[in-house]
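**Q** Structure: target26.cif, mmCIF, N, CA and C atoms.
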data_input
loop_
_atom_site.label_atom_id
_atom_site.label_comp_id
_atom_site.auth_asym_id
_atom_site.auth_seq_id
_atom_site.Cartn_x
_atom_site.Cartn_y
_atom_site.Cartn_z
N MET A 30 13.46 0.65 8.60
CA MET A 30 12.32 -0.21 8.82
C MET A 30 12.84 -1.61 9.06
N SER A 31 12.66 -2.12 10.23
CA SER A 31 13.18 -3.42 10.63
C SER A 31 12.62 -4.55 9.79
N GLY A 32 13.53 -5.44 9.33
CA GLY A 32 13.09 -6.63 8.62
C GLY A 32 12.95 -6.45 7.12
N LEU A 33 12.88 -5.24 6.61
CA LEU A 33 12.76 -5.02 5.18
C LEU A 33 14.15 -4.75 4.62
N SER A 34 14.38 -5.21 3.39
CA SER A 34 15.67 -5.02 2.75
C SER A 34 15.94 -3.54 2.54
N GLU A 35 17.19 -3.20 2.36
CA GLU A 35 17.57 -1.82 2.08
C GLU A 35 16.80 -1.31 0.87
N SER A 36 16.42 -0.07 0.89
CA SER A 36 15.67 0.50 -0.23
C SER A 36 16.50 0.45 -1.50
N ARG A 37 15.87 0.03 -2.58
CA ARG A 37 16.49 0.01 -3.89
C ARG A 37 15.89 1.14 -4.70
N LYS A 38 16.50 1.39 -5.85
CA LYS A 38 15.99 2.45 -6.73
C LYS A 38 14.52 2.16 -7.05
N GLY A 39 13.68 3.17 -6.97
CA GLY A 39 12.27 3.01 -7.27
C GLY A 39 11.43 2.61 -6.08
N GLU A 40 12.06 2.42 -4.94
CA GLU A 40 11.32 2.07 -3.72
C GLU A 40 11.31 3.27 -2.78
N PHE A 41 10.29 3.32 -1.94
CA PHE A 41 10.19 4.38 -0.96
C PHE A 41 9.58 3.84 0.33
N SER A 42 9.99 4.39 1.46
CA SER A 42 9.45 3.99 2.76
C SER A 42 8.38 4.96 3.17
N THR A 43 7.33 4.43 3.81
CA THR A 43 6.20 5.25 4.20
C THR A 43 5.42 4.55 5.31
N VAL A 44 4.32 5.15 5.72
CA VAL A 44 3.47 4.61 6.79
C VAL A 44 2.01 4.70 6.34
N VAL A 45 1.22 3.66 6.61
CA VAL A 45 -0.22 3.67 6.32
C VAL A 45 -0.88 4.67 7.27
N THR A 46 -1.68 5.60 6.70
CA THR A 46 -2.33 6.62 7.52
C THR A 46 -3.84 6.45 7.64
N ASP A 47 -4.47 5.80 6.66
CA ASP A 47 -5.93 5.63 6.70
C ASP A 47 -6.30 4.43 5.85
N ILE A 48 -7.41 3.80 6.20
CA ILE A 48 -7.92 2.66 5.43
C ILE A 48 -9.43 2.71 5.42
N ARG A 49 -10.00 2.40 4.26
CA ARG A 49 -11.47 2.40 4.11
C ARG A 49 -11.88 1.28 3.17
N LEU A 50 -13.09 0.79 3.36
CA LEU A 50 -13.65 -0.22 2.46
C LEU A 50 -13.91 0.42 1.10
N GLU A 51 -13.40 -0.20 0.04
CA GLU A 51 -13.62 0.28 -1.33
C GLU A 51 -14.85 -0.38 -1.92
N SER A 52 -14.88 -1.72 -1.88
CA SER A 52 -16.02 -2.45 -2.45
C SER A 52 -16.04 -3.88 -1.92
N ARG A 53 -17.21 -4.48 -2.01
CA ARG A 53 -17.39 -5.88 -1.64
C ARG A 53 -18.33 -6.48 -2.68
N VAL A 54 -17.80 -7.43 -3.47
CA VAL A 54 -18.60 -8.12 -4.48
C VAL A 54 -18.39 -9.61 -4.26
N GLY A 55 -19.42 -10.27 -3.73
CA GLY A 55 -19.27 -11.68 -3.39
C GLY A 55 -18.19 -11.84 -2.35
N ALA A 56 -17.23 -12.72 -2.62
CA ALA A 56 -16.13 -12.96 -1.69
C ALA A 56 -14.95 -12.00 -1.90
N THR A 57 -15.03 -11.15 -2.91
CA THR A 57 -13.94 -10.22 -3.22
C THR A 57 -14.16 -8.91 -2.49
N VAL A 58 -13.18 -8.55 -1.67
CA VAL A 58 -13.23 -7.30 -0.93
C VAL A 58 -12.02 -6.47 -1.33
N ARG A 59 -12.25 -5.20 -1.60
CA ARG A 59 -11.15 -4.29 -1.92
C ARG A 59 -11.17 -3.14 -0.93
N TRP A 60 -9.97 -2.72 -0.56
CA TRP A 60 -9.77 -1.65 0.41
C TRP A 60 -8.99 -0.51 -0.22
N ARG A 61 -9.15 0.68 0.36
CA ARG A 61 -8.36 1.87 -0.01
C ARG A 61 -7.48 2.22 1.17
N MET A 62 -6.23 2.55 0.88
CA MET A 62 -5.32 3.00 1.93
C MET A 62 -4.63 4.28 1.49
N THR A 63 -4.43 5.20 2.44
CA THR A 63 -3.59 6.37 2.18
C THR A 63 -2.28 6.15 2.93
N LEU A 64 -1.24 6.79 2.40
CA LEU A 64 0.10 6.70 2.98
C LEU A 64 0.59 8.09 3.32
N ASP A 65 1.51 8.19 4.29
CA ASP A 65 1.99 9.54 4.64
C ASP A 65 2.88 10.14 3.56
N HIS A 66 3.37 9.30 2.65
CA HIS A 66 4.15 9.74 1.48
C HIS A 66 3.97 8.67 0.42
N THR A 67 3.85 9.07 -0.84
CA THR A 67 3.73 8.08 -1.90
C THR A 67 4.40 8.56 -3.17
N GLU A 68 4.92 7.63 -3.93
CA GLU A 68 5.43 7.93 -5.27
C GLU A 68 4.48 7.37 -6.33
N PHE A 69 3.37 6.77 -5.88
CA PHE A 69 2.33 6.32 -6.80
C PHE A 69 1.54 7.52 -7.29
N ALA A 70 1.08 7.44 -8.53
CA ALA A 70 0.19 8.45 -9.10
C ALA A 70 -1.04 7.74 -9.65
N ALA A 71 -2.10 8.49 -9.87
CA ALA A 71 -3.33 7.89 -10.41
C ALA A 71 -3.00 7.07 -11.65
N GLY A 72 -3.52 5.85 -11.70
CA GLY A 72 -3.29 4.95 -12.80
C GLY A 72 -2.13 3.98 -12.61
N ASP A 73 -1.26 4.23 -11.62
CA ASP A 73 -0.13 3.34 -11.36
C ASP A 73 -0.58 2.05 -10.67
N VAL A 74 0.25 1.02 -10.76
CA VAL A 74 0.11 -0.21 -9.97
C VAL A 74 1.49 -0.54 -9.42
N GLY A 75 1.52 -1.44 -8.45
CA GLY A 75 2.79 -1.81 -7.85
C GLY A 75 2.57 -2.70 -6.65
N VAL A 76 3.46 -2.60 -5.66
CA VAL A 76 3.35 -3.42 -4.46
C VAL A 76 3.70 -2.60 -3.23
N LEU A 77 3.15 -3.04 -2.11
CA LEU A 77 3.53 -2.55 -0.79
C LEU A 77 4.05 -3.74 -0.01
N GLN A 78 5.17 -3.56 0.70
CA GLN A 78 5.72 -4.62 1.53
C GLN A 78 5.70 -4.17 2.98
N ALA A 79 5.38 -5.11 3.86
CA ALA A 79 5.39 -4.85 5.30
C ALA A 79 5.91 -6.11 5.99
N VAL A 80 6.27 -5.97 7.25
CA VAL A 80 6.72 -7.10 8.04
C VAL A 80 5.67 -7.37 9.12
N ALA A 81 5.15 -8.62 9.13
CA ALA A 81 4.15 -9.02 10.13
C ALA A 81 4.83 -9.12 11.50
N ARG A 82 4.04 -9.14 12.56
CA ARG A 82 4.58 -9.29 13.92
C ARG A 82 5.42 -10.55 14.05
N SER A 83 5.07 -11.58 13.26
CA SER A 83 5.81 -12.85 13.29
C SER A 83 7.18 -12.73 12.61
N GLY A 84 7.40 -11.61 11.89
CA GLY A 84 8.64 -11.43 11.16
C GLY A 84 8.53 -11.82 9.69
N THR A 85 7.37 -12.31 9.28
CA THR A 85 7.14 -12.71 7.90
C THR A 85 6.96 -11.47 7.01
N LEU A 86 7.63 -11.48 5.86
CA LEU A 86 7.48 -10.39 4.89
C LEU A 86 6.16 -10.57 4.15
N ILE A 87 5.35 -9.51 4.12
CA ILE A 87 4.05 -9.52 3.43
C ILE A 87 4.18 -8.61 2.21
N GLU A 88 3.76 -9.11 1.05
CA GLU A 88 3.76 -8.30 -0.17
C GLU A 88 2.32 -8.17 -0.65
N ILE A 89 1.84 -6.93 -0.75
CA ILE A 89 0.46 -6.65 -1.11
C ILE A 89 0.42 -5.90 -2.44
N PRO A 90 -0.20 -6.49 -3.46
CA PRO A 90 -0.31 -5.78 -4.74
C PRO A 90 -1.19 -4.53 -4.62
N VAL A 91 -0.73 -3.44 -5.22
CA VAL A 91 -1.53 -2.23 -5.37
C VAL A 91 -2.21 -2.36 -6.73
N LEU A 92 -3.53 -2.54 -6.71
CA LEU A 92 -4.30 -2.83 -7.92
C LEU A 92 -4.65 -1.59 -8.72
N ALA A 93 -4.77 -0.47 -8.03
CA ALA A 93 -5.11 0.80 -8.67
C ALA A 93 -4.73 1.93 -7.72
N VAL A 94 -4.58 3.11 -8.27
CA VAL A 94 -4.30 4.30 -7.48
C VAL A 94 -5.27 5.38 -7.94
N LEU A 95 -5.96 5.98 -6.98
CA LEU A 95 -6.98 7.00 -7.27
C LEU A 95 -6.60 8.31 -6.62
N ASP A 96 -6.81 9.41 -7.33
CA ASP A 96 -6.60 10.74 -6.77
C ASP A 96 -7.97 11.38 -6.61
N GLU A 97 -8.40 11.54 -5.36
CA GLU A 97 -9.69 12.15 -5.07
C GLU A 97 -9.48 13.38 -4.21
N ASP A 98 -9.68 14.53 -4.80
CA ASP A 98 -9.55 15.81 -4.11
C ASP A 98 -8.18 15.96 -3.45
N GLY A 99 -7.13 15.47 -4.15
CA GLY A 99 -5.77 15.60 -3.63
C GLY A 99 -5.34 14.46 -2.72
N ASP A 100 -6.26 13.60 -2.32
CA ASP A 100 -5.90 12.42 -1.53
C ASP A 100 -5.58 11.27 -2.47
N ILE A 101 -4.43 10.63 -2.29
CA ILE A 101 -4.03 9.50 -3.13
C ILE A 101 -4.40 8.22 -2.39
N TRP A 102 -5.31 7.45 -2.98
CA TRP A 102 -5.80 6.20 -2.40
C TRP A 102 -5.20 5.03 -3.17
N HIS A 103 -4.67 4.06 -2.44
CA HIS A 103 -4.06 2.86 -3.00
C HIS A 103 -5.05 1.72 -2.80
N VAL A 104 -5.54 1.11 -3.89
CA VAL A 104 -6.56 0.06 -3.81
C VAL A 104 -5.86 -1.30 -3.70
N VAL A 105 -6.22 -2.05 -2.64
CA VAL A 105 -5.61 -3.35 -2.35
C VAL A 105 -6.69 -4.34 -1.93
N GLU A 106 -6.36 -5.63 -1.96
CA GLU A 106 -7.31 -6.65 -1.50
C GLU A 106 -7.04 -7.09 -0.08
N LYS A 107 -5.88 -6.72 0.47
CA LYS A 107 -5.53 -7.08 1.85
C LYS A 107 -5.14 -5.79 2.57
N PRO A 108 -5.92 -5.37 3.55
CA PRO A 108 -5.62 -4.11 4.23
C PRO A 108 -4.49 -4.25 5.25
N LEU A 109 -3.83 -3.15 5.51
CA LEU A 109 -2.85 -3.05 6.58
C LEU A 109 -3.37 -2.02 7.58
N ALA A 110 -3.05 -2.21 8.82
CA ALA A 110 -3.52 -1.30 9.87
C ALA A 110 -2.83 0.06 9.77
N GLY A 111 -3.55 1.10 10.17
CA GLY A 111 -2.96 2.43 10.25
C GLY A 111 -1.73 2.38 11.13
N GLY A 112 -0.68 3.08 10.74
CA GLY A 112 0.56 3.10 11.50
C GLY A 112 1.57 2.05 11.06
N THR A 113 1.17 1.17 10.13
CA THR A 113 2.08 0.13 9.65
C THR A 113 3.14 0.74 8.73
N ASP A 114 4.41 0.42 9.01
CA ASP A 114 5.51 0.82 8.13
C ASP A 114 5.49 -0.05 6.89
N VAL A 115 5.65 0.56 5.72
CA VAL A 115 5.68 -0.19 4.46
C VAL A 115 6.76 0.36 3.54
N VAL A 116 7.14 -0.46 2.58
CA VAL A 116 7.99 -0.04 1.46
C VAL A 116 7.14 -0.18 0.23
N GLY A 117 7.04 0.88 -0.56
CA GLY A 117 6.26 0.86 -1.79
C GLY A 117 7.16 0.77 -3.00
N ARG A 118 6.63 0.15 -4.07
CA ARG A 118 7.36 0.07 -5.32
C ARG A 118 6.36 0.18 -6.47
N VAL A 119 6.51 1.19 -7.30
CA VAL A 119 5.66 1.37 -8.47
C VAL A 119 6.21 0.47 -9.57
N THR A 120 5.34 -0.34 -10.18
CA THR A 120 5.80 -1.22 -11.26
C THR A 120 5.36 -0.72 -12.64
N ARG A 121 4.35 0.13 -12.71
CA ARG A 121 3.97 0.80 -13.96
C ARG A 121 2.97 1.87 -13.68
#
Now, as a test, write the supplied structure out as structure tokens.

**A**
Amino acid sequence: MSGLSESRKGEFSTVVTDIRLESRVGATVRWRMTLDHTEFAAGDVGVLQAVARSGTLIEIPVLAVLDEDGDIWHVVEKPLAGGTDVVGRVTR
């Protein structure tokens, strides 16, 4: 994945496959994203990193992880487009 550091222990490379609106309360918007591979499990939190077209590294906190009928949804406040390469890291 161009622009991202070499994978370290506990990190994994993946691609965003789907995104949906989770909730909107006032100015706070939360999104759900699925990934083609994940090491997150329900109840985990962590971060997703991606590289913007400008070359800037973007770090997006994963606020929650939900398992719905076998689909693992990652809840975030900043969505990434489907097809975006990311590096995930579970922090707890």

**Q** Run the PyMOL selection byres (((chain A and resi 71 and name CA) around 10) and name CA) on the file and write out the hits as a VMD selection string.

**A** chain A and resid 69 to 70 72 to 74 93 to 97 101 to 103

**Q** Taking only chain A into account, list the residues labelled strand (DSSP E or B) by DSSP (computed from the backbone), as a ChimeraX atom specification.

**A** /A:40-54,57-64,75-80,86-91,93-97,100-105,114-119

**Q** Excluding Gly39 in chain A and residues on its chain fewer than 6 positions from it, collect all residues at most 8 Å away from it, counting only N, CA and C atoms, and give them as a list in words.

**A**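 Contacts, with the query itself left out: Gly117, Arg118, Val119 and Thr120 of chain A.
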
**Q** Could you tell me, as a VMD selection string, exactly which residues end up selected when the PyMOL selection byres ((chain A and resi 46) around 6) is applied to this structure?

**A** chain A and resid 44 to 45 47 to 48 63 to 65 111 to 112

**Q** Grab the residues selected above and save them as a JSON list (two decimals), in the frame of the given file with N, CA and C atoms.

**A**
[["chain", "number", "residue", "atom", "x", "y", "z"],
["A", 44, "VAL", "N", 4.32, 5.15, 5.72],
["A", 44, "VAL", "CA", 3.47, 4.61, 6.79],
["A", 44, "VAL", "C", 2.01, 4.70, 6.34],
["A", 45, "VAL", "N", 1.22, 3.66, 6.61],
["A", 45, "VAL", "CA", -0.22, 3.67, 6.32],
["A", 45, "VAL", "C", -0.88, 4.67, 7.27],
["A", 47, "ASP", "N", -4.47, 5.80, 6.66],
["A", 47, "ASP", "CA", -5.93, 5.63, 6.70],
["A", 47, "ASP", "C", -6.30, 4.43, 5.85],
["A", 48, "ILE", "N", -7.41, 3.80, 6.20],
["A", 48, "ILE", "CA", -7.92, 2.66, 5.43],
["A", 48, "ILE", "C", -9.43, 2.71, 5.42],
["A", 63, "THR", "N", -4.43, 5.20, 2.44],
["A", 63, "THR", "CA", -3.59, 6.37, 2.18],
["A", 63, "THR", "C", -2.28, 6.15, 2.93],
["A", 64, "LEU", "N", -1.24, 6.79, 2.40],
["A", 64, "LEU", "CA", 0.10, 6.70, 2.98],
["A", 64, "LEU", "C", 0.59, 8.09, 3.32],
["A", 65, "ASP", "N", 1.51, 8.19, 4.29],
["A", 65, "ASP", "CA", 1.99, 9.54, 4.64],
["A", 65, "ASP", "C", 2.88, 10.14, 3.56],
["A", 111, "GLY", "N", -3.55, 1.10, 10.17],
["A", 111, "GLY", "CA", -2.96, 2.43, 10.25],
["A", 111, "GLY", "C", -1.73, 2.38, 11.13],
["A", 112, "GLY", "N", -0.68, 3.08, 10.74],
["A", 112, "GLY", "CA", 0.56, 3.10, 11.50],
["A", 112, "GLY", "C", 1.57, 2.05, 11.06]]

**Q** Find the residue from A:Ser42, A:Arg49, A:Thr85, A:Leu77 that sits nearest to Arg61 in chain A; use only N, CA and C atoms when measuring.

**A** A:Arg49

**Q** In Å to one decimal, how far is CA of Met62 in chain A from CA of Gly84 in chain A?

**A** 22.1 Å
